[in-house]
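> My file is run.tsv. It has TSV, C-alpha atoms:
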```tsv
chain	number	residue	atom	x	y	z
S	5	MET	CA	191.77	-11.56	-46.66
S	6	LYS	CA	192.44	-8.69	-49.04
S	7	LYS	CA	195.68	-7.93	-47.19
S	8	CYS	CA	196.80	-11.58	-47.56
S	9	LEU	CA	196.03	-11.58	-51.27
S	10	TYR	CA	197.85	-8.30	-51.70
S	11	LEU	CA	200.87	-9.68	-49.83
S	12	LEU	CA	200.96	-12.82	-51.99
S	13	PHE	CA	200.63	-10.73	-55.14
S	14	SER	CA	203.49	-8.47	-54.02
S	15	ILE	CA	205.71	-11.47	-53.28
S	16	SER	CA	204.92	-12.93	-56.72
S	17	LEU	CA	205.80	-9.65	-58.42
S	18	SER	CA	209.06	-9.47	-56.49
S	19	PHE	CA	209.95	-13.04	-57.51
S	20	VAL	CA	209.21	-12.37	-61.19
S	21	SER	CA	211.18	-9.12	-61.01
S	22	CYS	CA	214.13	-10.97	-59.49
S	23	ILE	CA	214.07	-13.58	-62.27
S	24	ASN	CA	213.81	-10.94	-64.98
S	25	THR	CA	216.71	-9.01	-63.43
S	26	GLN	CA	218.80	-12.18	-63.30
S	27	LYS	CA	217.97	-12.90	-66.92
S	28	SER	CA	218.67	-9.38	-68.13
S	29	GLU	CA	222.08	-9.31	-66.44
S	30	ILE	CA	223.45	-12.55	-67.87
S	31	GLU	CA	221.69	-12.00	-71.20
S	32	LYS	CA	223.32	-8.57	-71.51
S	33	GLN	CA	226.75	-10.04	-70.72
S	34	ALA	CA	226.21	-12.82	-73.27
S	35	VAL	CA	225.12	-10.53	-76.12
S	36	GLU	CA	228.00	-8.14	-75.47
S	37	ALA	CA	230.49	-11.03	-75.37
S	38	PHE	CA	229.19	-12.41	-78.68
S	39	LYS	CA	229.40	-9.01	-80.38
S	40	MET	CA	232.96	-8.48	-79.12
S	41	SER	CA	234.19	-11.94	-80.14
S	42	TYR	CA	232.56	-14.19	-82.71
S	43	ALA	CA	230.64	-11.43	-84.49
S	44	LYS	CA	233.89	-9.54	-85.14
S	45	GLU	CA	235.76	-12.65	-86.25
S	46	VAL	CA	233.37	-13.43	-89.12
S	47	LYS	CA	233.78	-11.31	-92.23
S	48	ASP	CA	230.76	-9.58	-93.76
S	49	ALA	CA	228.57	-10.61	-90.83
S	50	ASN	CA	225.49	-8.83	-89.52
S	51	PHE	CA	223.59	-10.38	-86.63
S	52	ASP	CA	220.47	-8.54	-85.54
S	53	SER	CA	218.18	-11.09	-83.86
S	54	PHE	CA	219.02	-12.41	-80.37
S	55	ARG	CA	216.60	-14.72	-78.56
S	56	THR	CA	217.39	-16.12	-75.11
S	57	VAL	CA	216.01	-19.66	-74.91
S	58	PHE	CA	217.58	-20.82	-71.64
S	59	PHE	CA	219.29	-19.19	-68.70
S	60	THR	CA	220.48	-19.88	-65.17
S	61	GLN	CA	222.59	-17.81	-62.84
S	62	ASN	CA	225.70	-19.11	-64.65
S	63	LEU	CA	224.52	-20.04	-68.13
S	64	CYS	CA	222.79	-18.27	-71.00
S	65	ILE	CA	221.88	-19.88	-74.33
S	66	ILE	CA	220.94	-17.52	-77.14
S	67	HIS	CA	219.71	-18.35	-80.63
S	68	ILE	CA	220.99	-15.75	-83.06
S	69	GLU	CA	219.94	-14.90	-86.63
S	70	GLY	CA	221.58	-12.71	-89.20
S	71	ASN	CA	223.53	-12.74	-92.45
S	72	VAL	CA	227.07	-13.70	-93.43
S	73	ALA	CA	228.13	-12.52	-96.88
S	74	ASN	CA	224.44	-11.82	-97.60
S	75	ALA	CA	223.50	-15.44	-96.84
S	76	PRO	CA	221.12	-16.22	-93.93
S	77	LYS	CA	222.87	-17.58	-90.84
S	78	LYS	CA	221.46	-19.08	-87.62
S	79	LEU	CA	223.71	-19.70	-84.62
S	80	GLU	CA	223.49	-21.04	-81.11
S	81	TYR	CA	225.66	-19.13	-78.63
S	82	LEU	CA	226.53	-20.53	-75.19
S	83	PHE	CA	227.75	-18.18	-72.47
S	84	PHE	CA	228.94	-19.51	-69.12
S	85	THR	CA	230.29	-17.66	-66.10
S	86	GLN	CA	232.20	-19.34	-63.28
S	87	ASP	CA	234.65	-18.12	-60.61
S	88	GLY	CA	234.69	-14.61	-62.04
S	89	LYS	CA	235.59	-15.71	-65.57
S	90	ASN	CA	233.43	-16.00	-68.68
S	91	TYR	CA	233.44	-18.79	-71.26
S	92	GLU	CA	231.74	-19.15	-74.63
S	93	ALA	CA	231.04	-21.51	-77.51
S	94	VAL	CA	229.12	-21.15	-80.75
S	95	GLN	CA	227.76	-23.54	-83.35
S	96	ASP	CA	225.30	-23.53	-86.23
S	97	LEU	CA	221.70	-23.84	-85.11
S	98	SER	CA	220.70	-27.35	-86.16
S	99	GLU	CA	219.35	-30.66	-84.92
S	100	ASP	CA	222.59	-31.00	-82.93
S	101	SER	CA	222.01	-27.81	-80.97
S	102	ILE	CA	222.41	-27.93	-77.20
S	103	PHE	CA	219.02	-26.40	-76.44
S	104	VAL	CA	216.18	-28.48	-77.81
S	105	SER	CA	212.53	-28.89	-76.90
S	106	GLU	CA	211.67	-31.03	-73.89
S	107	PRO	CA	210.19	-33.91	-75.99
S	108	THR	CA	213.36	-33.96	-78.11
S	109	LEU	CA	215.58	-34.01	-75.04
S	110	LYS	CA	213.65	-36.96	-73.62
S	111	THR	CA	214.29	-38.84	-76.85
S	112	ILE	CA	218.00	-38.13	-77.18
S	113	SER	CA	218.77	-38.61	-73.49
S	114	LYS	CA	217.65	-42.25	-73.47
S	115	GLY	CA	220.62	-44.45	-72.63
S	116	THR	CA	222.86	-41.49	-71.73
S	117	ILE	CA	224.48	-40.64	-68.43
S	118	TYR	CA	222.20	-37.64	-68.03
S	119	GLU	CA	219.01	-39.60	-68.70
S	120	LYS	CA	217.83	-39.30	-65.08
S	121	LEU	CA	218.26	-35.51	-64.95
S	122	ASP	CA	215.29	-33.21	-65.38
S	123	PHE	CA	215.04	-30.91	-68.39
S	124	ALA	CA	216.86	-27.95	-66.83
S	125	ASN	CA	219.74	-29.97	-65.38
S	126	ALA	CA	220.17	-32.04	-68.54
S	127	THR	CA	220.37	-28.87	-70.65
S	128	PHE	CA	222.87	-27.34	-68.21
S	129	TYR	CA	224.96	-30.52	-68.33
S	130	ARG	CA	224.99	-30.66	-72.15
S	131	ALA	CA	225.94	-26.99	-72.41
S	132	ALA	CA	228.80	-27.20	-69.91
S	133	LEU	CA	230.11	-30.35	-71.56
S	134	TYR	CA	230.06	-28.70	-74.99
S	135	ILE	CA	231.89	-25.60	-73.74
S	136	ASN	CA	234.50	-27.79	-72.03
S	137	SER	CA	235.10	-29.61	-75.31
S	138	PHE	CA	234.79	-26.88	-77.93
S	139	GLY	CA	234.59	-23.54	-76.15
S	140	ARG	CA	237.07	-20.94	-74.96
S	141	GLU	CA	237.51	-18.28	-72.31
S	142	VAL	CA	236.10	-14.93	-73.41
S	143	GLY	CA	238.94	-12.58	-74.29
S	144	ASN	CA	241.67	-15.13	-73.57
S	145	HIS	CA	241.47	-17.89	-76.15
S	146	ASN	CA	244.64	-19.79	-75.28
S	147	THR	CA	243.90	-20.74	-71.67
S	148	ASP	CA	243.11	-24.26	-70.50
S	149	PHE	CA	240.01	-24.66	-68.37
S	150	ILE	CA	237.55	-27.23	-67.08
S	151	LEU	CA	234.08	-26.07	-66.09
S	152	ARG	CA	232.47	-27.82	-63.15
S	153	ILE	CA	229.31	-29.61	-64.12
S	154	PRO	CA	226.49	-30.91	-61.87
S	155	MET	CA	227.30	-34.61	-62.16
S	156	GLU	CA	229.65	-36.95	-60.36
S	157	THR	CA	230.49	-38.60	-63.68
S	158	GLY	CA	232.62	-35.64	-64.73
S	159	LEU	CA	233.09	-35.05	-68.45
S	160	TRP	CA	232.45	-38.63	-69.53
S	161	GLU	CA	229.80	-39.28	-72.16
S	162	LEU	CA	227.98	-42.52	-72.80
S	163	CYS	CA	227.79	-43.67	-76.43
S	164	GLY	CA	226.23	-46.69	-78.09
S	165	PHE	CA	227.48	-48.87	-80.92
S	166	VAL	CA	225.61	-49.00	-84.22
S	167	ASP	CA	226.02	-51.31	-87.17
S	168	GLU	CA	227.04	-50.37	-90.71
S	169	PHE	CA	223.44	-49.36	-91.46
S	170	GLY	CA	223.31	-46.92	-88.54
S	171	ASP	CA	221.03	-49.11	-86.42
S	172	LYS	CA	221.73	-49.38	-82.71
S	173	ILE	CA	223.12	-52.69	-81.48
S	174	ASN	CA	224.10	-54.03	-78.08
S	175	GLY	CA	227.15	-52.51	-76.46
S	176	LYS	CA	228.12	-49.19	-74.94
S	177	TYR	CA	231.31	-47.31	-74.30
S	178	LEU	CA	232.43	-44.13	-72.56
S	179	ARG	CA	234.05	-41.22	-74.34
S	180	ILE	CA	235.78	-38.12	-73.03
S	181	THR	CA	237.01	-35.11	-74.98
S	182	GLY	CA	240.25	-33.31	-74.21
S	183	LYS	CA	241.94	-30.30	-75.73
S	184	GLY	CA	245.46	-29.46	-76.77
S	185	LYS	CA	247.78	-28.02	-79.39
S	186	PHE	CA	249.85	-29.46	-82.22
S	187	SER	CA	252.73	-28.12	-84.26
S	188	LYS	CA	254.42	-29.14	-87.48
S	189	THR	CA	256.90	-27.69	-89.95
S	190	LEU	CA	255.09	-24.52	-90.97
S	191	GLU	CA	252.47	-24.25	-88.21
S	192	THR	CA	252.63	-23.96	-84.43
S	193	ASN	CA	250.11	-24.20	-81.60
S	194	GLU	CA	247.18	-25.18	-83.80
S	195	LYS	CA	243.91	-26.46	-82.34
S	196	LEU	CA	243.84	-30.14	-81.33
S	197	ILE	CA	240.93	-32.20	-80.03
S	198	ALA	CA	241.77	-35.47	-78.28
S	199	LEU	CA	239.25	-38.26	-77.75
S	200	LEU	CA	239.64	-41.15	-75.32
S	201	PHE	CA	237.40	-44.21	-75.37
S	202	ILE	CA	236.92	-47.02	-72.85
S	203	ASP	CA	234.59	-50.01	-73.12
S	204	GLU	CA	233.10	-52.34	-70.52
S	205	TYR	CA	236.18	-54.59	-70.74
S	206	HIS	CA	238.36	-51.57	-69.83
S	207	ASN	CA	239.97	-51.43	-73.30
S	208	CYS	CA	241.19	-47.90	-74.03
S	209	CYS	CA	242.14	-46.11	-77.23
S	210	LEU	CA	242.68	-42.57	-78.51
S	211	ARG	CA	241.86	-40.38	-81.47
S	212	LEU	CA	243.56	-37.07	-82.26
S	213	VAL	CA	241.80	-34.49	-84.42
S	214	GLU	CA	243.81	-31.64	-85.95
S	215	TYR	CA	242.12	-28.24	-86.34
S	216	GLY	CA	238.99	-29.83	-84.85
S	217	TYR	CA	238.10	-31.76	-88.02
S	218	GLY	CA	241.08	-33.72	-89.42
S	219	VAL	CA	241.64	-37.15	-87.83
S	220	VAL	CA	245.34	-37.95	-87.41
S	221	LYS	CA	246.37	-40.91	-89.58
S	222	ASP	CA	249.42	-43.22	-89.57
S	223	PHE	CA	250.34	-42.36	-85.98
S	224	SER	CA	253.33	-44.31	-84.68
S	225	GLY	CA	255.53	-43.27	-81.77
S	226	TYR	CA	255.98	-42.85	-78.05
S	227	ILE	CA	253.56	-40.79	-75.98
S	228	LYS	CA	254.88	-39.45	-72.69
S	229	ILE	CA	252.07	-39.38	-70.14
S	230	LYS	CA	251.79	-37.81	-66.71
S	231	ASP	CA	248.99	-39.52	-64.81
S	232	GLY	CA	246.63	-38.18	-62.15
S	233	GLU	CA	249.08	-39.01	-59.38
S	234	GLY	CA	252.00	-37.25	-61.05
S	235	ASP	CA	253.80	-40.38	-62.25
S	236	VAL	CA	255.33	-40.22	-65.74
S	237	HIS	CA	255.04	-43.06	-68.26
S	238	GLU	CA	256.30	-43.50	-71.80
S	239	ILE	CA	254.23	-45.84	-73.96
S	240	TYR	CA	254.54	-46.73	-77.62
S	241	PHE	CA	251.29	-46.18	-79.52
S	242	SER	CA	250.44	-47.00	-83.11
S	243	GLU	CA	247.41	-46.82	-85.36
S	244	SER	CA	245.22	-49.91	-85.44
S	245	SER	CA	243.46	-51.20	-88.55
S	246	SER	CA	240.37	-49.24	-87.48
S	247	GLY	CA	242.24	-45.96	-87.25
S	248	ASN	CA	242.42	-45.73	-83.47
S	249	ILE	CA	245.65	-44.96	-81.64
S	250	GLU	CA	246.43	-47.77	-79.21
S	251	PRO	CA	249.34	-49.21	-77.18
S	252	ASN	CA	250.96	-51.93	-79.29
S	253	SER	CA	251.30	-54.71	-76.70
S	254	LEU	CA	249.14	-56.37	-74.07
S	255	ALA	CA	251.43	-55.15	-71.28
S	256	THR	CA	251.29	-51.52	-72.41
S	257	LYS	CA	247.53	-51.72	-72.99
S	258	MET	CA	247.16	-52.79	-69.35
S	259	GLU	CA	249.52	-50.00	-68.28
S	260	PHE	CA	247.48	-47.40	-70.18
S	261	ARG	CA	244.27	-48.78	-68.69
S	262	ASP	CA	245.69	-48.39	-65.18
S	263	ILE	CA	246.76	-44.82	-65.97
S	264	VAL	CA	243.28	-43.90	-67.16
S	265	GLU	CA	241.57	-45.50	-64.18
S	266	LYS	CA	243.61	-43.41	-61.74
S	267	GLU	CA	241.41	-40.51	-62.87
S	268	GLY	CA	242.65	-36.95	-62.22
S	269	GLU	CA	244.37	-34.94	-64.94
S	270	LEU	CA	246.17	-36.84	-67.66
S	271	SER	CA	248.73	-34.79	-69.60
S	272	ALA	CA	250.37	-36.17	-72.74
S	273	ILE	CA	253.17	-35.18	-75.12
S	274	ALA	CA	254.00	-36.92	-78.39
S	275	ASN	CA	256.72	-36.13	-80.93
S	276	ILE	CA	256.56	-38.19	-84.10
S	277	GLY	CA	258.07	-38.20	-87.58
S	278	GLY	CA	260.97	-36.02	-88.57
S	279	GLY	CA	262.71	-38.64	-90.69
S	280	LEU	CA	263.66	-38.42	-94.33
S	281	PHE	CA	260.17	-39.28	-95.55
S	282	SER	CA	257.92	-37.96	-92.78
S	283	GLU	CA	257.08	-34.55	-91.40
S	284	LYS	CA	257.93	-33.88	-87.78
S	285	LYS	CA	254.87	-33.24	-85.61
S	286	SER	CA	254.35	-32.61	-81.91
S	287	TYR	CA	251.14	-33.05	-79.94
S	288	LYS	CA	250.25	-31.87	-76.45
S	289	PHE	CA	246.87	-32.62	-74.90
S	290	LYS	CA	245.08	-33.11	-71.59
S	291	PHE	CA	242.08	-34.95	-70.19
S	292	ASN	CA	240.30	-34.47	-66.88
S	293	LEU	CA	239.40	-38.09	-66.12
S	294	ASN	CA	237.56	-37.51	-62.85
S	295	GLY	CA	234.24	-39.31	-62.60
S	296	LEU	CA	235.30	-42.39	-64.59
S	297	LYS	CA	234.62	-44.91	-61.83
S	298	LYS	CA	231.22	-43.39	-61.17
S	299	ALA	CA	230.42	-43.40	-64.89
S	300	MET	CA	231.53	-47.02	-65.34
S	301	ASN	CA	229.51	-48.10	-62.33
S	302	TYR	CA	226.47	-46.26	-63.64
S	303	VAL	CA	226.76	-47.71	-67.13
S	304	TRP	CA	227.79	-51.30	-66.53
S	305	HIS	CA	226.92	-52.16	-62.94
S	306	ASN	CA	224.00	-50.07	-61.79
S	307	GLU	CA	222.64	-48.21	-64.78
S	308	ASN	CA	219.04	-49.19	-64.10
S	309	ASN	CA	219.20	-48.22	-60.45
S	310	ALA	CA	220.62	-44.70	-60.72
S	311	SER	CA	218.69	-42.19	-58.69
S	312	GLU	CA	218.50	-38.43	-58.53
S	313	SER	CA	220.86	-38.56	-55.55
S	314	ASP	CA	223.63	-39.31	-58.06
S	315	TYR	CA	223.39	-35.76	-59.34
S	316	GLU	CA	223.56	-32.23	-58.03
S	317	GLU	CA	220.85	-29.73	-58.87
S	318	VAL	CA	221.26	-26.43	-60.69
S	319	ASP	CA	219.01	-23.46	-60.06
S	320	SER	CA	217.46	-22.65	-63.39
S	321	ASN	CA	214.77	-20.60	-65.08
S	322	ILE	CA	213.70	-21.53	-68.59
S	323	GLU	CA	212.04	-19.50	-71.28
S	324	SER	CA	209.24	-21.22	-73.18
S	325	PHE	CA	210.58	-22.62	-76.42
S	326	ASN	CA	209.08	-23.64	-79.72
S	327	ASN	CA	211.43	-24.14	-82.65
S	328	GLU	CA	210.01	-25.72	-85.79
S	329	ASP	CA	213.53	-26.19	-87.14
S	330	ILE	CA	214.30	-28.86	-84.53
S	331	ASP	CA	213.49	-32.46	-85.38
S	332	ASP	CA	212.00	-34.40	-82.46
S	333	ASP	CA	213.63	-37.60	-83.73
S	334	THR	CA	217.14	-36.23	-83.39
S	335	ASP	CA	219.81	-38.76	-82.39
S	336	ILE	CA	223.03	-37.13	-81.25
S	337	SER	CA	225.05	-40.35	-81.02
S	338	ILE	CA	228.04	-40.46	-83.32
S	339	PRO	CA	227.78	-43.57	-85.54
S	340	GLU	CA	230.02	-46.29	-84.18
S	341	SER	CA	231.03	-49.78	-85.19
S	342	GLU	CA	230.79	-53.10	-83.44
S	343	SER	CA	233.78	-53.04	-81.10
S	344	ILE	CA	236.12	-50.67	-79.34
S	345	ASN	CA	238.78	-51.56	-81.92
S	346	GLU	CA	236.61	-50.19	-84.72
S	347	LEU	CA	235.56	-46.87	-83.24
S	348	ILE	CA	234.52	-43.85	-85.29
S	349	ASP	CA	235.75	-44.03	-88.82
S	350	SER	CA	234.37	-40.53	-89.17
S	351	ILE	CA	233.69	-37.73	-86.72
```
What is this structure when it is put down as structure tokens?

Amino acid sequence: MKKCLYLLFSISLSFVSCINTQKSEIEKQAVEAFKMSYAKEVKDANFDSFRTVFFTQNLCIIHIEGNVANAPKKLEYLFFTQDGKNYEAVQDLSEDSIFVSEPTLKTISKGTIYEKLDFANATFYRAALYINSFGREVGNHNTDFILRIPMETGLWELCGFVDEFGDKINGKYLRITGKGKFSKTLETNEKLIALLFIDEYHNCCLRLVEYGYGVVKDFSGYIKIKDGEGDVHEIYFSESSSGNIEPNSLATKMEFRDIVEKEGELSAIANIGGGLFSEKKSYKFKFNLNGLKKAMNYVWHNENNASESDYEEVDSNIESFNNEDIDDDTDISIPESESINELIDSI
């Protein structure tokens, strides 16, 4: 009996040692990557507190505290490794942070695509999605990449409409975030975020965001699109009354819908302006549309019958977490209006 107990105790120690080794390796990589990248890019910065709140074999989330220009600063740093390459993203530590307490995650996951995932997988999904949208490769900031995530719905996110008072109303839509570059007279290859929306009636529209915060206004011109099957299309888009960028005829709206529903990689190029009274601008952006059919089926045809078989599992180990700065009533949905033609007046 004593030998059995000793054997079980030894196995337990070995397991804990293996987990701690795994954590220390990816945690060390993450801290070093942060110090060599973001910490050096911020002037008058001193970060001295690093706390790992979540880790898997491929992902490490660290909450960091320090000072920037003698003012207190709290950050959330995401570090992801895949296929021999490392990726990172950082944001202010707030109610919108990727890692939140389990009760908070249960609240904010209601009505989302990842609602059926357990705590570890949902956190992994949210982190990978954020890095895909706003992150970069460590040491090589100009490369395009798409991280694989443990869901058959790809990079699509489920959002809900709200009214002018911010209250949720009936209606949902899917949103995907792409990345690209834009250039104009005095600037070249600046950061561009592209957003694509599709509702249950298969209506599609775009938003382009310069520098990551400035929504493109008064867009009017042709966008050349290569779809997931390699076919090239040229469609005239213009800004709607709601500020979205949409094809300007029923025929081209149907054409754009068909392009999007092919899935695969969508690449787009737009050159607008350049006349006597307008500045010439060029935009290049991409979306990975894979998973759309699965996401649409989940949301509008079988959302109440989704099972865990719809998702893959990630092997994870989680540190205990208690952060008084996180509000358990957090709602991460971006406020939306009543129809797809009135999407996000502000981002």
> Please measure the separation of CA of Thr85 (chain S) and CA of Glu29 (chain S), giving the value in Å to one decimal.
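Separating CA of Thr85 (chain S) from CA of Glu29 (chain S) is a distance of 11.7 Å.
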> Would you mind reading off the distance between CA of Val57 (chain S) and CA of Tyr81 (chain S), one decimal, in Å?
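Taking CA of Val57 (chain S) as the start and CA of Tyr81 (chain S) as the end point, the length is 10.4 Å.
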> Give as a VMD selection string each residue that has an atom at most 10 Å from (222.3, -12.2, -83.6) in the file, counting all atoms listed in the file.
chain S and resid 35 38 to 39 43 49 to 55 66 to 71 77 to 81
> Write a file of the just-selected residues containing C-alpha atoms, as a PDB file, keeping the file's coordinate frame.

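So the final result, stored in out12.pdb, reads:
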```pdb
ATOM      1  CA  VAL S  35     225.120 -10.530 -76.120  1.00  0.00           C
ATOM      2  CA  PHE S  38     229.190 -12.410 -78.680  1.00  0.00           C
ATOM      3  CA  LYS S  39     229.400  -9.010 -80.380  1.00  0.00           C
ATOM      4  CA  ALA S  43     230.640 -11.430 -84.490  1.00  0.00           C
ATOM      5  CA  ALA S  49     228.570 -10.610 -90.830  1.00  0.00           C
ATOM      6  CA  ASN S  50     225.490  -8.830 -89.520  1.00  0.00           C
ATOM      7  CA  PHE S  51     223.590 -10.380 -86.630  1.00  0.00           C
ATOM      8  CA  ASP S  52     220.470  -8.540 -85.540  1.00  0.00           C
ATOM      9  CA  SER S  53     218.180 -11.090 -83.860  1.00  0.00           C
ATOM     10  CA  PHE S  54     219.020 -12.410 -80.370  1.00  0.00           C
ATOM     11  CA  ARG S  55     216.600 -14.720 -78.560  1.00  0.00           C
ATOM     12  CA  ILE S  66     220.940 -17.520 -77.140  1.00  0.00           C
ATOM     13  CA  HIS S  67     219.710 -18.350 -80.630  1.00  0.00           C
ATOM     14  CA  ILE S  68     220.990 -15.750 -83.060  1.00  0.00           C
ATOM     15  CA  GLU S  69     219.940 -14.900 -86.630  1.00  0.00           C
ATOM     16  CA  GLY S  70     221.580 -12.710 -89.200  1.00  0.00           C
ATOM     17  CA  ASN S  71     223.530 -12.740 -92.450  1.00  0.00           C
ATOM     18  CA  LYS S  77     222.870 -17.580 -90.840  1.00  0.00           C
ATOM     19  CA  LYS S  78     221.460 -19.080 -87.620  1.00  0.00           C
ATOM     20  CA  LEU S  79     223.710 -19.700 -84.620  1.00  0.00           C
ATOM     21  CA  GLU S  80     223.490 -21.040 -81.110  1.00  0.00           C
ATOM     22  CA  TYR S  81     225.660 -19.130 -78.630  1.00  0.00           C
TER      23      TYR S  81
END
```
> Rounded to one decimal place, report the CA of Ala126 (chain S)-CA of Gly139 (chain S) distance in Å.
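Going from CA of Ala126 (chain S) over to CA of Gly139 (chain S), I get 18.4 Å.
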> In terms of the shortest atom-to-atom distance over all atoms listed in the file, which of S:Asn136, S:Ser187, S:Ser245, S:Asn144 is closest to Lys290 (chain S)?
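Of the candidates, the smallest distance to Lys290 (chain S) is held by S:Asn136.
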> Name the closest residue to Tyr129 (chain S) among the candidates S:Tyr217, S:Phe149, S:Phe103, S:Tyr287; distances are taken between atoms, counting only C-alpha atoms.
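Closest to Tyr129 (chain S), using only C-alpha atoms: S:Phe103.
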> Determine, counting only C-alpha atoms, every residue of protein, DNA or RNA that lies within 12 Å of (246.9, -40.1, -61.1) in the file coordinates, then give the result as a PyMOL selection string.
chain S and resi 229-237+260-271+291-294
> Could you give me the axis-aligned bounding box of region 100-105 of chain S, with 4 Å of padding per side, as centre plus edge lengths in Å to one decimal, as lines of an AutoDock Vina configuration file?

```
center_x = 217.6
center_y = -28.7
center_z = -79.7
size_x = 18.1
size_y = 12.6
size_z = 14.5
```
